[in-house]
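Novice: Below you will find the structure I want to go over with you.
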Amino acid sequence: MTSRRLVGRYLVASTLILLVSGLLGILIRESQAGIARLDSNTWYAFMTAHGLGAFLGWAGFAVMGLAYWVLEEVGFELRPLGRFLAEATWWLMVVGVAGVVVSTLFMHFAGSWVFLYPLPFHGAGQWGKWATAIFSASVLLAGLSIVTWCLAVLDTVVGPALHAVKSGIGNRLGVALGLGYLWPKRFATNPRSVPYAVIPLTVIGIDMIIATLPLALLLVEMIVQAFSPGVHVDPLLAKNVLWWFGHPVVYLLLFPAVAVYYTLVPKLAGRPLVAGNVIAVAWAIAVVANVVVWAHHVYLDHPDGSAQGTINVLMQPTTFALVIPSALSLYSLGMTIYRSDWRWGVVETTLFLGLFSWLTAGLSGVINATIAFDKVVHNTLWIVGHFHQMAIVNIGFVVFAGIYYLLPNVYGKPIWSESLAKWHIWLTFVGVTVNSAFWLWQGLEGAPRRFAELPSGYEASTRGALPFVAMIGIAQILFVVNMWQTLMGAEPRPARAKGDGVLVAVEGLIMMIAVLLALGAGVVGFFIGRDTAPSKSAPAATTAAPTPAPNVQGKQVFMTAGCAGCHTLKDAGAGGTVGPNLDQRKPSYALVVDRVTHGRRAMPSFKGQLSTAQIQAVAKYVSSVAGH
Amino acid sequence: MAGTDKLLLVAYGIAVVLAILLAFALASSTRRPRRTDTEKLAEFEKRWLGIVVAILVALLAATIWFTPYGKSTPANAQIVHVDAQQFFWQLQPASVRAGTPVAFVTRSKDVNHDFAIYKGHRFVAQIQVVPDKSSTLIQTFDEPGKYTVLCLEYCGLNHQGMVASFQVTK
């Protein structure tokens, strides 16, 4: 393969991004469970970096690299232009991700990884215009990287390996889209028809250009607006532009992953992909439907008198249409494995678990796609459960399968330990699946997503999921060790004899049960610990009558809870200037209780940190001494 | 949990069990590899497409009627004006009667918010609050008591603290 080094760089860079963004993910989940709490700015900045890093910088970037390998594998070599664009793509993505890291982890940008306009301009004093501008510019670079990748792919798929009879560019694109299977005369090929794996790559290559360009304009506007506050866009329009990109980008992950499945599964099953011409129907639907489903992300947006509700209704059937490529691909891939000589090595196992997760995560996706159901699950942790399962144990497993396949077969580096690789896969599979199941369940229980601190009532389920989060982390350590040894050329450890499917399934089940038992013990320990712990104070009631509290207690709260960091109050010797000067404002008792309890603008809520009595004490203290 | 969420839990649970059985069947079929008529399997894919389309059309036909759009405010509705702002809600008035519809007319002064009503931990209803526009959520409460309002669209650093409540009286 001539693109060995190129593909290798994509895989190395994306794996490094996985390790960093995965760690951030573990930190925000444990903080939510109250083990070591992050302050809310750090939490939301981590969430922003985790989302963009893991989604685009890991899964997206890795499958973009694997796509070049798929193309070469089916005879489509990158040509000089494609090679140049592929290089540019790598650099744009790496610089873009670096910019996201700088703007979030060092400049405190916490506008979330979907940076819903106009939130980036309302940082509540925690991040400024430069952070917003650098963040927007970084996402713009990542967006441009997607466009150059699309152009590289499109330049390659219309190359000489296409064997198209007519030479017009429209005709060649049609052939690459698989239309020759449907209209053999109009899109004729000779001698051989287009390989199936080329079709999803062509589809996403076309769609991502259409999807990304409007977002690029919005990002340019955001950079301008950071320095010229007079510039403004309609927020509802901006939201539509964001999701016009935001849904197809999900398929920037899925469709190249499908191309990898189409390539590897037949190879490992020892027979061609079981697919008829009908699979081309699925991709013809996909290329159109993919760019007209965006509004299923805004089903609950329907301002009075706007057309948004009508648009949303139209999106349910188009989203349903996108089930078809998945349903047909799952059928074809499943039937290719059916009764085949499937050897259940690490690559086979990974791909099989990936297909299973594709099915189960796809089914939870059908629920989100249905307006009547989305009313209940929208912006709850259900959504988070759905896409983590899809992104890690479907797309991510294609990436891991690709790495485990390419190392021995393309790079001539046999995997150091096949059994360690299987542990990596199984632990990741169990960890992600169970953690996602917790999220789905919490979502149905009404738990909101994107809460640095969940409302009370979800503590037990959040902590119950934590061992599985740890399991995902441990599995990646095994992966890193194995990769390190493999790349350093360590002598491979002897692999076990070939197992059959049922044996492997039973092994998996035993392993799962063992792991569950071990973790069950930890969870039981947690419940006992929680029930014997002193009960949490009830949420502060702002209307409660003031209870007499000595000023000394209120003063102590003022000095220790962080009030002095932002406010000036002579009696306490405080000289903070971020928030209002309390000596000048002389706030009333009720106002202090309200502000401390609920927060306002840059002022955080202290409800979770201070008890009702403490809030009342500090309010009594401040209202009595301010201005004296 | 009540109503739709319970239905989803049961339906999704059944679907996952079927998926697991399917995966086990497929895995065990590789135990004794056999020559298989893959042509026939490929031919059957057309019928599989028909089955998938039929299921999707049925689901669409059964659910598309239950959208929250285009509802006009009933004449007897109680109006509650809801103003959203980083990071608090203002509800005027903060008390409504059970049994008659309530129209929550929501507005945002800064960023996108999501007005979500809970009864304890039970989710009741939600609507996105878009800046520069008003969005109306119509809801009838049968059960009197205290209801909590949370923000479900990430709106900044104290998003999780954007909590309010209102009373439903008999």
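Starting from 1 in every chain, residues are counted up; chains themselves are A, B, ... following the order of the structure tokens, and ligands are numbered from 1 as listed.
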Name all residues at most 7 Å from Pro448 of chain A (count only C-alpha atoms; drop same-chain ones fewer than 5 positions away) and give them as an mmCIF file with N, CA and C atoms, in the first residue's frame.
Specialist:
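Writing done, so here's around-v4.cif:
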```cif
data_model
loop_
_atom_site.group_PDB
_atom_site.id
_atom_site.type_symbol
_atom_site.label_atom_id
_atom_site.label_comp_id
_atom_site.auth_asym_id
_atom_site.auth_seq_id
_atom_site.Cartn_x
_atom_site.Cartn_y
_atom_site.Cartn_z
ATOM 1 N N ASN A 379 -32.880 16.159 25.065
ATOM 2 C CA ASN A 379 -31.955 16.790 26.026
ATOM 3 C C ASN A 379 -31.891 16.094 27.377
ATOM 4 N N THR A 380 -32.236 14.819 27.412
ATOM 5 C CA THR A 380 -31.996 14.039 28.624
ATOM 6 C C THR A 380 -30.785 13.139 28.371
ATOM 7 N N LEU A 381 -30.382 12.416 29.398
ATOM 8 C CA LEU A 381 -29.222 11.535 29.259
ATOM 9 C C LEU A 381 -29.496 10.357 28.318
ATOM 10 N N GLY A 443 -32.097 8.799 31.502
ATOM 11 C CA GLY A 443 -32.823 9.705 30.614
ATOM 12 C C GLY A 443 -34.323 9.482 30.699
ATOM 13 N N LEU B 152 -33.285 22.748 30.193
ATOM 14 C CA LEU B 152 -32.728 21.556 29.541
ATOM 15 C C LEU B 152 -31.849 21.878 28.332
#
```
Novice: Which one of A:His388, A:Gly599, A:Asn482, A:Ser21 sits closest to Ala437 of chain A if you count only C-alpha atoms?
Specialist: A:His388
Novice: If you count only C-alpha atoms, which residues fall within 9 Å of Glu348 of chain A, apart from same-chain ones fewer than 5 positions away, as a ChimeraX atom specification?
Specialist: /A:264-265,268-269,342-343,353,401
Novice: Need to verify the contact set: segment 103-111 of chain B, 7 Å, only C-alpha atoms, exclusion of same-chain residues closer than 4 positions in sequence. Can you return it as a list in words?
Specialist: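 My list of contacting residues is Pro118 and Leu119 of chain A; Thr73, Ala77, Gln78, Ile79, Val80, His81, Val82, Asp83, Ala84, Gln85, Val129, Val130, Pro131, Asp132, Lys133, Ser134, Ser135, Thr136, Leu137, Ile138, Gln139 and Cys155 of chain B.
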Novice: I need the chosen residues saved as a PDB file, in the first residue's frame, with C-alpha atoms.
Specialist:
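Written output follows (part38.pdb):
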```pdb
ATOM      1  CA  PRO A 118     -25.326  33.063  20.729  1.00  0.00           C
ATOM      2  CA  LEU A 119     -23.992  31.275  23.858  1.00  0.00           C
TER       3      LEU A 119
ATOM      4  CA  THR B  73     -54.122  28.845  22.930  1.00  0.00           C
ATOM      5  CA  ALA B  77     -56.386  29.129  29.144  1.00  0.00           C
ATOM      6  CA  GLN B  78     -54.514  30.627  32.075  1.00  0.00           C
ATOM      7  CA  ILE B  79     -51.545  32.596  30.746  1.00  0.00           C
ATOM      8  CA  VAL B  80     -48.170  32.359  32.506  1.00  0.00           C
ATOM      9  CA  HIS B  81     -45.427  34.660  31.202  1.00  0.00           C
ATOM     10  CA  VAL B  82     -42.047  32.992  31.475  1.00  0.00           C
ATOM     11  CA  ASP B  83     -38.850  35.029  31.122  1.00  0.00           C
ATOM     12  CA  ALA B  84     -35.597  33.106  30.865  1.00  0.00           C
ATOM     13  CA  GLN B  85     -32.209  34.634  31.474  1.00  0.00           C
ATOM     14  CA  VAL B 129     -36.930  28.946  24.407  1.00  0.00           C
ATOM     15  CA  VAL B 130     -35.345  30.712  21.433  1.00  0.00           C
ATOM     16  CA  PRO B 131     -33.965  34.264  21.807  1.00  0.00           C
ATOM     17  CA  ASP B 132     -35.888  37.079  20.068  1.00  0.00           C
ATOM     18  CA  LYS B 133     -39.060  34.961  19.759  1.00  0.00           C
ATOM     19  CA  SER B 134     -41.895  33.770  21.942  1.00  0.00           C
ATOM     20  CA  SER B 135     -42.638  30.061  22.248  1.00  0.00           C
ATOM     21  CA  THR B 136     -45.837  28.782  23.826  1.00  0.00           C
ATOM     22  CA  LEU B 137     -46.243  25.513  25.692  1.00  0.00           C
ATOM     23  CA  ILE B 138     -49.812  24.460  26.454  1.00  0.00           C
ATOM     24  CA  GLN B 139     -50.266  22.034  29.307  1.00  0.00           C
ATOM     25  CA  CYS B 155     -26.966  27.873  28.652  1.00  0.00           C
TER      26      CYS B 155
END
```
Novice: From the set A:Thr568, A:Thr350, A:Ser332, A:Ser605, which residue has the shortest atom-to-atom contact distance to Phe44 of chain B, counting only C-alpha atoms?
Specialist: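 Of A:Thr568, A:Thr350, A:Ser332, A:Ser605, the one nearest Phe44 of chain B is A:Ser332, counting only C-alpha atoms.
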Novice: So which bits of segment 117-162 of chain B end up strand (DSSP E) when you DSSP the backbone, as a VMD selection string?
Specialist: chain B and resid 117 to 119 122 to 129 135 to 140 145 to 151
Novice: Please determine, counting only C-alpha atoms, which residue among B:Arg97, B:Lys71, B:Lys170, B:Lys146 has the shortest atom-to-atom distance to chain A.
Specialist: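 Closest to chain A, using only C-alpha atoms: B:Lys71.
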Novice: Env of Phe76 of chain A: 8 Å cut, atoms = only C-alpha atoms, seq-sep filter 5 positions within chain, self excluded. Answer as a ChimeraX atom specification.
Specialist: /A:71,156-157,159-162
Novice: Please produce a file of those selected residues containing C-alpha atoms, as an mmCIF file, in the first residue's frame.
Specialist:
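Generated output (result.cif):
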```
data_model
loop_
_atom_site.group_PDB
_atom_site.id
_atom_site.type_symbol
_atom_site.label_atom_id
_atom_site.label_comp_id
_atom_site.auth_asym_id
_atom_site.auth_seq_id
_atom_site.Cartn_x
_atom_site.Cartn_y
_atom_site.Cartn_z
ATOM 1 C CA LEU A 71 -9.942 2.934 -1.317
ATOM 2 C CA THR A 156 -9.976 9.356 -5.913
ATOM 3 C CA VAL A 157 -13.341 7.716 -6.577
ATOM 4 C CA GLY A 159 -10.138 7.936 -10.904
ATOM 5 C CA PRO A 160 -9.251 5.337 -13.557
ATOM 6 C CA ALA A 161 -10.134 2.372 -11.322
ATOM 7 C CA LEU A 162 -13.798 3.301 -11.726
#
```
Novice: List the neighbours of His159 of chain B out to 8 Å using only C-alpha atoms; skip same-chain residues closer than 3 positions along the sequence, and give me the result as JSON, numbers by chain.
Specialist: {"A": [451], "B": [86, 87, 151, 154, 155, 156, 162]}
Novice: Using only C-alpha atoms, which residue out of A:Tyr181, A:Phe387, A:Tyr589, A:Phe352 lies closest to chain B?
Specialist: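 Nearest candidate to chain B out of A:Tyr181, A:Phe387, A:Tyr589, A:Phe352: A:Phe352.
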Novice: Write out as a VMD selection string which residues come within 12 Å of Lys40 of chain B when counting only C-alpha atoms, dropping same-chain ones fewer than 6 positions away.
Specialist: (chain A and resid 274 to 276 332 335) or (chain B and resid 46 to 47)
Novice: Rounded to one decimal place, report the atom CA of Ile367 of chain A-atom CA of Phe55 of chain A distance in Å.
Specialist: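 Going from atom CA of Ile367 of chain A over to atom CA of Phe55 of chain A covers 21.6 Å.
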Novice: Taking into account only C-alpha atoms, which residue in the set A:Ala257, A:Ala327, A:Val175, A:Leu213 is nearest to Trp48 of chain B?
Specialist: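 Using only C-alpha atoms, Trp48 of chain B sits closest to A:Ala327.
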